[in-house]
Amino acid sequence: MTTQRISYVEPETIKDEDMRAELERCKVRGTPRPESQAIRAHVPAAFWSFANTWQTVFHEGIAEHTIKELCRVYVSHSVKCEYCGNQRSIQSKNKGLIEKDYKDLLNFEKSDRYNEKQKAALRYTQAIVWDLECDDSLWEQLYQYFSEAEIVEIGYFVSITMGQQRWLRTLNIDHHKVLTGTSASMIEGAETAEKWQEFKNSEDYWAKQV
């Protein structure tokens, strides 16, 4: 992590009570955690555009949340957005995802951790991220497991999260910097600032620089 490129808007300086409440939600529930929203807070329209989209399309929506969560972290591992890739959806954890479910995402085709429905969504995500051809076989798989509305939602969600993650990784923002003191949505082993540094320095850290 090098120099941070854009400052955080300090929550105590925000006069809009709804914005402060949303940042408190990020502190308690995470995904997103407060730092990224403290960057977007420079432009309230951007802050609310993301907050509302994330709530209605990711946390709510019609496609399975756990599938969208796997797609989200596939994007993180693909573009190496460490800030996003080290967050875990509390809702997904409550619905049964465990940390091992995230380990094979970039090797999902050969992994036995994912069922065919999850793999179809991950193939769709892969095609969007890497600009691959979406051939008839992929579309047949998508229509086998998802409604048209679900396909639209997953595609839109992947596009939104890919753009946001590619942007955030240029900013060098980090966890445990805004509204500190909670571990909401942090990956296991990175619940505090001290543990987070140890986690990043570990030999098996997924985004370790070679």
# chains A, B, ... in the order shown; residues from 1 in each chain; ligands from 1

call {"tool": "residues_around", "arguments": {"residues": "Lys119 (chain A)", "least_positions_apart": "4", "cutoff": "10 Å", "atoms": "only C-alpha atoms", "output": "list of chain:residue names"}}
result
A:Ile67, A:Leu70, A:Cys71, A:Leu105, A:Phe108, A:Glu109, A:Ser111, A:Arg113, A:Tyr114, A:Asn115, A:Arg123, A:Tyr124, A:Thr125, A:Gln141, A:Leu142

call {"tool": "select_by_dssp", "arguments": {"residues": "region 13-105 of chain A", "states": "alpha helix (DSSP H)", "output": "ChimeraX atom specification"}}
result
/A:17-29,34-40,44-53,65-79,82-85,90-94,100-103

call {"tool": "residues_around", "arguments": {"residues": "Val28 (chain A)", "least_positions_apart": "6", "cutoff": "9 Å", "atoms": "only C-alpha atoms", "output": "ChimeraX atom specification"}}
result
/A:182-185

call {"tool": "closest_atom_pairs", "arguments": {"of": "region 38-105 of chain A", "to": "region 172-176 of chain A", "cutoff": "9 Å", "atoms": "only C-alpha atoms", "output": "tab-separated table"}}
result
residue	atom	partner	partner_atom	distance
A:Ile39	CA	A:Ile173	CA	8.9
A:Glu82	CA	A:Asp174	CA	8.4
A:Tyr83	CA	A:Asp174	CA	6.1

call {"tool": "write_last_selection", "arguments": {"atoms": "N, CA and C atoms", "output": "tab-separated table (two decimals), in the first residue's frame"}}
result
chain	number	residue	atom	x	y	z
A	39	ILE	N	-14.69	8.25	0.92
A	39	ILE	CA	-14.14	8.84	-0.31
A	39	ILE	C	-15.28	9.37	-1.17
A	82	GLU	N	-7.43	-4.98	-3.22
A	82	GLU	CA	-7.26	-5.52	-1.89
A	82	GLU	C	-8.31	-5.00	-0.92
A	83	TYR	N	-8.70	-3.76	-1.09
A	83	TYR	CA	-9.69	-3.19	-0.18
A	83	TYR	C	-11.00	-3.97	-0.27

call {"tool": "residues_around", "arguments": {"residues": "region 153-168 of chain A", "least_positions_apart": "4", "cutoff": "8 Å", "atoms": "only C-alpha atoms", "output": "JSON, numbers by chain"}}
result
{"A": [36, 57, 58, 61, 62, 63, 68, 71, 72, 75, 76, 79, 81, 83, 84, 121, 124, 125, 128, 129, 149, 172, 173]}

call {"tool": "write_last_selection", "arguments": {"atoms": "C-alpha atoms", "output": "short mmCIF file (atom, residue, chain, number, x, y, z; two decimals), in the first residue's frame"}}
result
data_model
loop_
_atom_site.label_atom_id
_atom_site.label_comp_id
_atom_site.auth_asym_id
_atom_site.auth_seq_id
_atom_site.Cartn_x
_atom_site.Cartn_y
_atom_site.Cartn_z
CA SER A 36 -14.77 3.77 0.48
CA VAL A 57 -28.97 -4.78 -6.13
CA PHE A 58 -26.44 -6.51 -3.87
CA GLY A 61 -32.37 -7.98 -5.38
CA ILE A 62 -33.69 -11.18 -6.93
CA ALA A 63 -30.61 -13.30 -7.61
CA LYS A 68 -23.47 -12.29 -6.14
CA CYS A 71 -18.98 -12.91 -8.23
CA ARG A 72 -17.96 -9.80 -6.28
CA VAL A 75 -13.78 -9.51 -9.48
CA SER A 76 -11.62 -8.49 -6.49
CA VAL A 79 -8.33 -6.93 -10.57
CA CYS A 81 -8.55 -4.75 -5.37
CA TYR A 83 -9.69 -3.19 -0.18
CA CYS A 84 -12.72 -4.96 -1.66
CA ALA A 121 -22.56 -17.14 -12.80
CA TYR A 124 -20.56 -14.88 -16.86
CA THR A 125 -18.51 -12.76 -14.45
CA ILE A 128 -17.41 -9.52 -18.32
CA VAL A 129 -14.16 -8.95 -16.42
CA ALA A 149 -34.23 -10.76 -14.71
CA ASN A 172 -4.61 3.14 -2.13
CA ILE A 173 -7.26 3.34 0.58
#

call {"tool": "residues_around", "arguments": {"residues": "Ala193 (chain A)", "least_positions_apart": "2", "cutoff": "9 Å", "atoms": "only C-alpha atoms", "output": "VMD selection string"}}
result
chain A and resid 175 to 177 180 to 181 190 to 191 195 to 198

call {"tool": "write_last_selection", "arguments": {"atoms": "N, CA and C atoms", "output": "PDB file, in the first residue's frame"}}
result
ATOM      1  N   HIS A 175      -8.173  -0.399   5.152  1.00  0.00           N
ATOM      2  CA  HIS A 175      -9.138  -0.690   6.209  1.00  0.00           C
ATOM      3  C   HIS A 175      -8.691  -0.129   7.557  1.00  0.00           C
ATOM      4  N   HIS A 176      -9.655  -0.033   8.475  1.00  0.00           N
ATOM      5  CA  HIS A 176      -9.401   0.418   9.848  1.00  0.00           C
ATOM      6  C   HIS A 176      -8.862   1.847   9.885  1.00  0.00           C
ATOM      7  N   LYS A 177      -9.388   2.699   9.001  1.00  0.00           N
ATOM      8  CA  LYS A 177      -8.958   4.097   8.941  1.00  0.00           C
ATOM      9  C   LYS A 177     -10.082   5.072   9.261  1.00  0.00           C
ATOM     10  N   THR A 180     -13.182   3.602  13.154  1.00  0.00           N
ATOM     11  CA  THR A 180     -12.456   2.394  13.527  1.00  0.00           C
ATOM     12  C   THR A 180     -13.065   1.716  14.755  1.00  0.00           C
ATOM     13  N   GLY A 181     -12.634   0.490  14.974  1.00  0.00           N
ATOM     14  CA  GLY A 181     -13.036  -0.214  16.176  1.00  0.00           C
ATOM     15  C   GLY A 181     -13.998  -1.364  15.965  1.00  0.00           C
ATOM     16  N   ALA A 190      -8.305 -10.524  10.070  1.00  0.00           N
ATOM     17  CA  ALA A 190      -7.956  -9.122   9.825  1.00  0.00           C
ATOM     18  C   ALA A 190      -8.923  -8.193  10.551  1.00  0.00           C
ATOM     19  N   GLU A 191      -9.385  -8.649  11.722  1.00  0.00           N
ATOM     20  CA  GLU A 191     -10.459  -7.935  12.424  1.00  0.00           C
ATOM     21  C   GLU A 191     -10.009  -6.642  13.097  1.00  0.00           C
ATOM     22  N   LYS A 195      -4.018  -6.997  13.411  1.00  0.00           N
ATOM     23  CA  LYS A 195      -4.188  -8.273  12.725  1.00  0.00           C
ATOM     24  C   LYS A 195      -4.183  -8.095  11.209  1.00  0.00           C
ATOM     25  N   TRP A 196      -4.745  -6.995  10.754  1.00  0.00           N
ATOM     26  CA  TRP A 196      -4.802  -6.705   9.317  1.00  0.00           C
ATOM     27  C   TRP A 196      -3.393  -6.607   8.742  1.00  0.00           C
ATOM     28  N   GLN A 197      -2.495  -5.919   9.443  1.00  0.00           N
ATOM     29  CA  GLN A 197      -1.122  -5.810   8.961  1.00  0.00           C
ATOM     30  C   GLN A 197      -0.436  -7.174   8.948  1.00  0.00           C
ATOM     31  N   GLU A 198      -0.668  -7.969   9.983  1.00  0.00           N
ATOM     32  CA  GLU A 198      -0.098  -9.318  10.025  1.00  0.00           C
ATOM     33  C   GLU A 198      -0.639 -10.171   8.879  1.00  0.00           C
TER      34      GLU A 198
END

call {"tool": "atom_distance", "arguments": {"atom1": "CA of Arg88 (chain A)", "atom2": "CA of Trp139 (chain A)"}}
result
28.6 Å

call {"tool": "closest_residue", "arguments": {"among": "A:His65, A:Lys27, A:Glu60, A:Ile151", "to": "Leu97 (chain A)", "atoms": "only C-alpha atoms"}}
result
A:His65

call {"tool": "closest_residue", "arguments": {"among": "A:Ile187, A:Ala51, A:Cys134, A:Ala38", "to": "Val9 (chain A)", "atoms": "only C-alpha atoms"}}
result
A:Ala38
